[in-house]
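Visitor: Structure file entry36.cif (mmCIF, C-alpha atoms (C1' of nucleotides)) is given on the next line.
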```cif
data_work
#
loop_
_atom_site.label_atom_id
_atom_site.label_comp_id
_atom_site.auth_asym_id
_atom_site.auth_seq_id
_atom_site.Cartn_x
_atom_site.Cartn_y
_atom_site.Cartn_z
CA MET A 187 -11.86 20.88 2.69
CA LYS A 188 -11.10 17.41 4.02
CA LEU A 189 -8.63 15.27 2.07
CA ALA A 190 -7.57 11.71 2.83
CA THR A 191 -5.41 8.86 1.62
CA TRP A 192 -5.94 5.15 2.12
CA ASN A 193 -4.18 2.10 0.75
CA VAL A 194 -7.17 -0.26 0.63
CA ASN A 195 -5.20 -3.37 -0.47
CA SER A 196 -7.87 -4.51 -2.96
CA LEU A 197 -10.85 -2.23 -3.51
CA LYS A 198 -12.95 -5.27 -4.35
CA VAL A 199 -12.42 -6.72 -0.88
CA ARG A 200 -12.54 -3.37 0.92
CA LEU A 201 -15.45 -1.68 -0.86
CA GLY A 202 -17.78 -2.12 2.11
CA HIS A 203 -15.20 -0.67 4.49
CA LEU A 204 -14.62 2.27 2.16
CA ILE A 205 -18.31 3.08 1.78
CA ASP A 206 -18.84 2.89 5.54
CA TRP A 207 -15.82 5.08 6.13
CA LEU A 208 -16.95 7.68 3.56
CA ALA A 209 -20.34 7.91 5.28
CA GLN A 210 -18.66 8.50 8.62
CA ALA A 211 -15.61 10.60 7.73
CA LYS A 212 -17.23 12.54 4.87
CA PRO A 213 -14.01 13.57 3.12
CA ASP A 214 -14.26 15.86 0.12
CA ALA A 215 -11.81 13.51 -1.57
CA VAL A 216 -9.92 10.35 -0.70
CA CYS A 217 -6.92 9.04 -2.63
CA LEU A 218 -6.86 5.26 -2.88
CA GLN A 219 -3.95 2.94 -3.55
CA GLU A 220 -3.68 -0.75 -4.40
CA THR A 221 -7.15 -0.89 -5.89
CA LYS A 222 -5.96 -3.93 -7.89
CA LEU A 223 -8.78 -3.45 -10.40
CA GLU A 224 -8.83 -2.92 -14.11
CA ASP A 225 -10.71 0.27 -14.99
CA GLY A 226 -13.65 -1.72 -16.40
CA LYS A 227 -14.17 -3.31 -13.00
CA PHE A 228 -14.01 -0.14 -10.92
CA PRO A 229 -17.09 0.04 -8.63
CA ALA A 230 -18.18 3.47 -9.90
CA SER A 231 -21.92 2.88 -9.48
CA GLU A 232 -21.58 1.61 -5.90
CA LEU A 233 -19.60 4.73 -4.99
CA GLU A 234 -22.10 6.91 -6.84
CA ALA A 235 -24.85 5.46 -4.68
CA ALA A 236 -22.78 6.60 -1.70
CA GLY A 237 -22.65 10.13 -3.13
CA TYR A 238 -19.14 9.96 -4.56
CA ARG A 239 -17.61 9.95 -8.01
CA ALA A 240 -14.13 8.80 -8.96
CA SER A 241 -11.27 9.02 -11.39
CA PHE A 242 -9.09 5.94 -11.52
CA CYS A 243 -6.17 4.27 -13.19
CA GLY A 244 -5.83 0.59 -12.44
CA GLN A 245 -4.61 -2.80 -13.49
CA LYS A 246 -5.27 -6.40 -12.60
CA THR A 247 -3.74 -7.88 -9.41
CA TYR A 248 -1.22 -5.13 -8.65
CA ASN A 249 -1.09 -1.39 -7.96
CA GLY A 250 -3.96 0.83 -9.09
CA VAL A 251 -4.85 4.32 -7.83
CA ALA A 252 -8.02 6.39 -7.67
CA ILE A 253 -9.32 9.72 -6.42
CA VAL A 254 -12.83 9.44 -5.00
CA SER A 255 -14.55 12.80 -4.54
CA LEU A 256 -17.84 14.43 -3.63
CA ARG A 257 -17.65 16.90 -6.51
CA PRO A 258 -16.32 16.56 -10.06
CA LEU A 259 -12.57 16.48 -10.61
CA SER A 260 -10.93 18.38 -13.44
CA GLU A 261 -7.57 18.26 -15.26
CA ILE A 262 -7.13 14.56 -14.58
CA SER A 263 -3.72 13.15 -15.46
CA THR A 264 -2.04 9.81 -14.88
CA GLY A 265 1.55 8.71 -14.46
CA ILE A 266 4.70 10.80 -14.11
CA PRO A 267 5.33 12.79 -17.31
CA GLY A 268 8.42 11.51 -19.12
CA PHE A 269 8.72 8.42 -16.90
CA ALA A 270 7.54 5.41 -18.88
CA ASP A 271 5.94 2.93 -16.48
CA GLU A 272 3.52 0.05 -16.96
CA GLN A 273 2.67 0.15 -13.26
CA ARG A 274 -0.37 2.23 -12.38
CA ARG A 275 0.87 4.29 -9.46
CA VAL A 276 -0.02 7.92 -10.08
CA ILE A 277 -3.18 9.92 -10.72
CA ALA A 278 -3.65 13.66 -10.28
CA ALA A 279 -6.65 15.97 -10.52
CA THR A 280 -7.95 19.34 -9.41
CA LEU A 281 -10.79 19.79 -6.91
CA ASP A 282 -12.02 23.24 -5.85
CA GLY A 283 -8.73 24.84 -6.90
CA VAL A 284 -6.58 22.32 -5.02
CA ARG A 285 -4.23 20.21 -7.11
CA ILE A 286 -4.34 16.66 -5.73
CA VAL A 287 -1.60 14.13 -6.52
CA CYS A 288 -2.36 10.53 -5.50
CA LEU A 289 0.68 8.25 -5.27
CA TYR A 290 1.44 4.62 -4.69
CA ALA A 291 5.21 4.47 -4.36
CA PRO A 292 7.00 1.21 -5.16
CA ASN A 293 7.68 -1.01 -2.18
CA GLY A 294 11.28 -1.72 -3.11
CA GLN A 295 11.24 -5.30 -1.80
CA ALA A 296 14.82 -5.40 -0.49
CA VAL A 297 17.70 -2.94 -0.37
CA GLY A 298 19.92 -3.52 -3.39
CA SER A 299 17.31 -5.43 -5.38
CA GLU A 300 16.13 -4.50 -8.86
CA LYS A 301 12.84 -3.31 -7.37
CA TYR A 302 14.73 -1.11 -4.94
CA ASP A 303 16.56 0.53 -7.85
CA TYR A 304 13.23 1.05 -9.58
CA LYS A 305 11.89 2.67 -6.41
CA LEU A 306 14.76 5.15 -6.30
CA ARG A 307 14.43 5.93 -10.02
CA TRP A 308 10.67 6.40 -9.55
CA TYR A 309 11.35 8.82 -6.69
CA ALA A 310 13.89 10.79 -8.73
CA ALA A 311 11.35 11.20 -11.54
CA LEU A 312 8.66 12.10 -9.01
CA ARG A 313 10.81 14.81 -7.45
CA ASP A 314 11.58 16.38 -10.85
CA TRP A 315 7.90 16.37 -11.78
CA LEU A 316 6.71 17.76 -8.44
CA ALA A 317 9.32 20.53 -8.65
CA ASP A 318 7.31 21.83 -11.62
CA GLU A 319 3.95 21.11 -10.00
CA VAL A 320 4.85 23.09 -6.86
CA GLU A 321 5.60 26.10 -9.06
CA ARG A 322 2.44 25.65 -11.10
CA HIS A 323 0.01 25.00 -8.23
CA PRO A 324 0.32 27.12 -5.07
CA ARG A 325 -2.40 24.92 -3.59
CA LEU A 326 -0.85 21.47 -4.04
CA ALA A 327 -1.55 18.36 -1.94
CA VAL A 328 0.46 15.16 -2.44
CA LEU A 329 -1.15 12.16 -0.80
CA GLY A 330 -0.44 8.49 -0.80
CA ASP A 331 1.34 5.38 0.27
CA LEU A 332 4.89 6.67 -0.12
CA ASN A 333 6.42 3.47 1.27
CA VAL A 334 9.01 5.35 3.31
CA ALA A 335 9.06 5.85 7.09
CA PRO A 336 10.81 9.23 7.14
CA GLU A 337 12.31 9.16 10.64
CA ASP A 338 13.02 6.69 13.41
CA ARG A 339 9.99 7.95 15.35
CA ASP A 340 7.89 6.65 12.44
CA VAL A 341 9.12 3.10 13.12
CA HIS A 342 7.97 0.85 15.97
CA ASP A 343 11.41 -0.75 16.36
CA PRO A 344 14.05 1.42 14.68
CA GLN A 345 16.86 -0.91 15.66
CA ALA A 346 15.26 -3.94 14.07
CA TRP A 347 14.41 -1.95 10.96
CA GLN A 348 17.69 -0.09 10.60
CA GLY A 349 18.87 -0.09 7.01
CA GLN A 350 15.91 -2.16 5.82
CA VAL A 351 13.69 -1.31 2.89
CA LEU A 352 11.16 1.48 3.72
CA VAL A 353 13.65 2.92 6.19
CA SER A 354 17.02 2.93 4.39
CA GLU A 355 18.91 6.19 4.08
CA PRO A 356 18.56 6.52 0.26
CA GLU A 357 14.78 6.12 0.60
CA ARG A 358 14.65 8.67 3.41
CA ALA A 359 16.77 11.03 1.30
CA ALA A 360 14.26 10.60 -1.54
CA PHE A 361 11.44 11.51 0.84
CA ARG A 362 13.36 14.52 2.16
CA ALA A 363 13.94 15.65 -1.42
CA LEU A 364 10.16 16.15 -1.67
CA LEU A 365 10.24 18.27 1.49
CA GLY A 366 13.11 20.16 -0.13
CA LEU A 367 10.66 21.36 -2.77
CA GLY A 368 8.83 23.22 -0.01
CA LEU A 369 6.25 20.53 0.70
CA LYS A 370 5.40 20.02 4.37
CA ASP A 371 4.70 16.70 6.10
CA GLY A 372 1.12 17.46 7.16
CA PHE A 373 1.20 15.00 10.05
CA ARG A 374 4.16 16.75 11.65
CA LEU A 375 2.52 20.16 11.53
CA PHE A 376 0.79 19.12 14.76
CA GLU A 377 1.48 17.44 18.10
CA GLN A 378 0.89 13.75 17.61
CA PRO A 379 0.73 10.74 19.90
CA GLU A 380 3.99 8.83 20.22
CA LYS A 381 4.22 5.71 18.10
CA SER A 382 1.74 6.88 15.47
CA PHE A 383 1.73 4.54 12.49
CA SER A 384 -0.33 4.04 9.33
CA TRP A 385 0.58 0.45 8.46
CA TRP A 386 0.81 -2.72 10.54
CA ASP A 387 1.91 -6.13 9.32
CA TYR A 388 -0.87 -8.70 9.10
CA ARG A 389 1.52 -11.20 10.65
CA MET A 390 2.68 -11.48 14.25
CA MET A 391 -0.36 -9.59 15.55
CA GLY A 392 1.26 -6.43 14.26
CA PHE A 393 -1.72 -4.19 14.95
CA ARG A 394 -2.41 -5.48 18.46
CA ARG A 395 1.26 -4.90 19.31
CA ASN A 396 1.25 -1.54 17.50
CA ALA A 397 4.22 -2.88 15.55
CA GLY A 398 3.81 -0.49 12.65
CA LEU A 399 5.34 2.11 10.38
CA ARG A 400 4.18 5.53 9.25
CA ILE A 401 4.47 5.25 5.49
CA ASP A 402 1.23 6.89 4.29
CA HIS A 403 1.60 10.63 4.02
CA ILE A 404 -0.03 13.93 3.17
CA LEU A 405 2.41 16.55 1.89
CA LEU A 406 1.20 20.11 1.54
CA SER A 407 2.50 23.12 -0.35
CA PRO A 408 3.22 26.15 1.87
CA GLY A 409 -0.02 27.75 0.76
CA LEU A 410 -2.06 24.75 1.90
CA ALA A 411 0.01 23.98 5.00
CA ALA A 412 -0.68 27.48 6.33
CA GLY A 413 -4.41 26.74 6.40
CA CYS A 414 -4.24 23.12 7.56
CA SER A 415 -6.03 22.68 10.89
CA SER A 416 -5.48 18.97 11.54
CA CYS A 417 -3.87 15.81 10.22
CA THR A 418 -4.74 12.48 11.78
CA ILE A 419 -4.54 8.74 11.31
CA ASP A 420 -7.86 6.92 11.71
CA LYS A 421 -7.10 3.52 13.20
CA ALA A 422 -10.75 2.43 13.40
CA PRO A 423 -10.95 0.69 10.01
CA ARG A 424 -7.84 -1.34 10.87
CA LYS A 425 -9.84 -2.93 13.72
CA LEU A 426 -12.60 -4.29 11.48
CA GLU A 427 -12.97 -7.82 10.17
CA ARG A 428 -10.74 -8.43 7.15
CA PRO A 429 -9.11 -4.99 7.27
CA SER A 430 -6.63 -3.38 4.95
CA ASP A 431 -3.17 -3.44 6.50
CA HIS A 432 -3.13 0.38 6.13
CA ALA A 433 -5.20 3.00 7.95
CA PRO A 434 -6.56 6.16 6.32
CA VAL A 435 -4.80 9.47 6.93
CA THR A 436 -6.89 12.65 6.84
CA ALA A 437 -6.07 16.35 6.64
CA GLU A 438 -8.45 19.24 7.22
CA LEU A 439 -7.61 22.24 5.05
CA GLY A 440 -8.82 25.79 5.56
"C1'" DA B 708 12.71 -20.22 13.91
"C1'" DT B 709 14.46 -14.83 8.90
"C1'" DG B 710 8.68 -17.43 9.67
"C1'" DG B 711 4.45 -15.83 11.28
"C1'" DC B 712 -0.82 -12.86 7.05
"C1'" DT B 713 -3.52 -11.49 3.03
"C1'" DA B 714 -4.87 -10.97 -1.96
"C1'" DC B 715 -4.55 -12.75 -6.36
"C1'" DG B 716 -4.53 -15.84 -10.13
"C1'" DA B 717 -3.61 -19.73 -10.55
"C1'" DT B 718 -4.60 -24.48 -8.74
"C1'" DC B 719 -3.87 -27.65 -4.29
"C1'" DC B 720 1.42 -23.32 -4.72
"C1'" DG B 721 3.98 -19.03 -6.28
"C1'" DT B 722 4.31 -13.97 -6.30
"C1'" DA B 723 3.99 -9.78 -3.99
"C1'" DG B 724 3.27 -6.74 -0.44
"C1'" DA B 725 5.87 -3.92 3.62
#
```
What does this structure look like when you write it as structure tokens?
Guide:
Amino acid sequence: MKLATWNVNSLKVRLGHLIDWLAQAKPDAVCLQETKLEDGKFPASELEAAGYRASFCGQKTYNGVAIVSLRPLSEISTGIPGFADEQRRVIAATLDGVRIVCLYAPNGQAVGSEKYDYKLRWYAALRDWLADEVERHPRLAVLGDLNVAPEDRDVHDPQAWQGQVLVSEPERAAFRALLGLGLKDGFRLFEQPEKSFSWWDYRMMGFRRNAGLRIDHILLSPGLAAGCSSCTIDKAPRKLERPSDHAPVTAELG
DNA sequence: ATGGCTACGATCCGTAGA
């Protein structure tokens, strides 16, 4: 089974890229973030014409997540249980016995800001929820834009970024707390090229300079990690006209 | 030079992203 995650930064703008990518990559399911669409405006029929169905949880302008899949999803849930949040950042569902959690973590804006505090509270609630989910689902995959670059090798210029949002120690500790539940960073199960990133700033020719961060992740329960045969970042869609600033990340499961 | 894009909903600029 092939699973993927992609922050599309507006599904309305990126629908053509997504449909082209689905035809080429043929994932069984892709988790989307920043759809920025109310549920009534989700392009379900366009995706259906491409052979995919979807479950989604969106809002106007900001956030919004979806799981787009070849086959029907079951046990669909949204949000983090017990964590009241107007922001649409979480959707989960089961596909072929694999529990899929699709996440769009808060950005955090700046260390010490109100949004940064919200990010850390969101992560604490996420960890508590996933602690239960790991127990409940031996085959658990957590995919999404986690908005944390876990280590310095995930940062194009660690010195310039030191202590900044996305890289700060409390954020990295929050990411490691997920690994502490037994989840594995799928990307690091394999040899990878140096300076592998999943996001590049639109400004300053970030992509051409490979000035990026690895902030989009696929975390796998031990049961899934054991059968994972690859995990890669597909930079091709980032090279297109009017791209998302994120690239899709894909994992092949046994 | 602390900016530099891009998307959005609102106008002709502000908010947010990362």
Visitor: I'd like the residues picked by the PyMOL selection byres ((chain A and resi 428) around 10) written out as a VMD selection string, using the chain letters and numbers from the file.
Guide: (chain A and resid 199 to 200 203 423 to 427 429 to 431) or (chain B and resid 713)
Visitor: So how far away is atom CA of A:Leu189 from atom CA of A:Pro434, in Å?
Guide: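 Straight-line distance from atom CA of A:Pro434 to atom CA of A:Leu189 works out to 10.3 Å.
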Visitor: Check which residues satisfy the PyMOL selection byres ((chain A and resi 343-355) around 8) in the file shown, then give them as a PyMOL selection string.
Guide: (chain A and resi 293-297+302+333-339+341-342+356-359+397+401) or (chain B and resi 725)
Visitor: Limited to C-alpha atoms (C1' of nucleotides), could you put the picked residues into a file as an mmCIF file, in the frame of the given file?
Guide:
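Output below, filename result19.cif:
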```cif
data_model
loop_
_atom_site.group_PDB
_atom_site.id
_atom_site.type_symbol
_atom_site.label_atom_id
_atom_site.label_comp_id
_atom_site.auth_asym_id
_atom_site.auth_seq_id
_atom_site.Cartn_x
_atom_site.Cartn_y
_atom_site.Cartn_z
ATOM 1 C CA ASN A 293 7.680 -1.010 -2.180
ATOM 2 C CA GLY A 294 11.280 -1.720 -3.110
ATOM 3 C CA GLN A 295 11.240 -5.300 -1.800
ATOM 4 C CA ALA A 296 14.820 -5.400 -0.490
ATOM 5 C CA VAL A 297 17.700 -2.940 -0.370
ATOM 6 C CA TYR A 302 14.730 -1.110 -4.940
ATOM 7 C CA ASN A 333 6.420 3.470 1.270
ATOM 8 C CA VAL A 334 9.010 5.350 3.310
ATOM 9 C CA ALA A 335 9.060 5.850 7.090
ATOM 10 C CA PRO A 336 10.810 9.230 7.140
ATOM 11 C CA GLU A 337 12.310 9.160 10.640
ATOM 12 C CA ASP A 338 13.020 6.690 13.410
ATOM 13 C CA ARG A 339 9.990 7.950 15.350
ATOM 14 C CA VAL A 341 9.120 3.100 13.120
ATOM 15 C CA HIS A 342 7.970 0.850 15.970
ATOM 16 C CA PRO A 356 18.560 6.520 0.260
ATOM 17 C CA GLU A 357 14.780 6.120 0.600
ATOM 18 C CA ARG A 358 14.650 8.670 3.410
ATOM 19 C CA ALA A 359 16.770 11.030 1.300
ATOM 20 C CA ALA A 397 4.220 -2.880 15.550
ATOM 21 C CA ILE A 401 4.470 5.250 5.490
ATOM 22 C "C1'" DA B 725 5.870 -3.920 3.620
#
```
Visitor: Could you list the residues in chain B lying within 10 Å of chain A, using only C-alpha atoms (C1' of nucleotides), and format the result as a VMD selection string?
Guide: chain B and resid 710 to 716 723 to 725
Visitor: Convert the output of the PyMOL selection byres ((chain A and resi 314) around 10) on the shown file into explicit residues, formatted as JSON, numbers by chain.
Guide: {"A": [266, 267, 309, 310, 311, 312, 313, 315, 316, 317, 318, 319, 363, 364, 367]}
Visitor: What gap, in Å, lies between atom CA of A:Ala411 and atom CA of A:Lys305?
Guide: 26.9 Å
Visitor: Could you tell me how far atom CA of A:Glu234 lies from atom CA of A:Cys417, in Å and to one decimal?
Guide: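 Atom CA of A:Glu234 sits 26.5 Å away from atom CA of A:Cys417.
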Visitor: Env of A:Ala252: 6 Å cut, atoms = all atoms listed in the file, seq-sep filter 5 positions within chain, self excluded. Answer as a PyMOL selection string.
Guide: chain A and resi 217-218+241-242
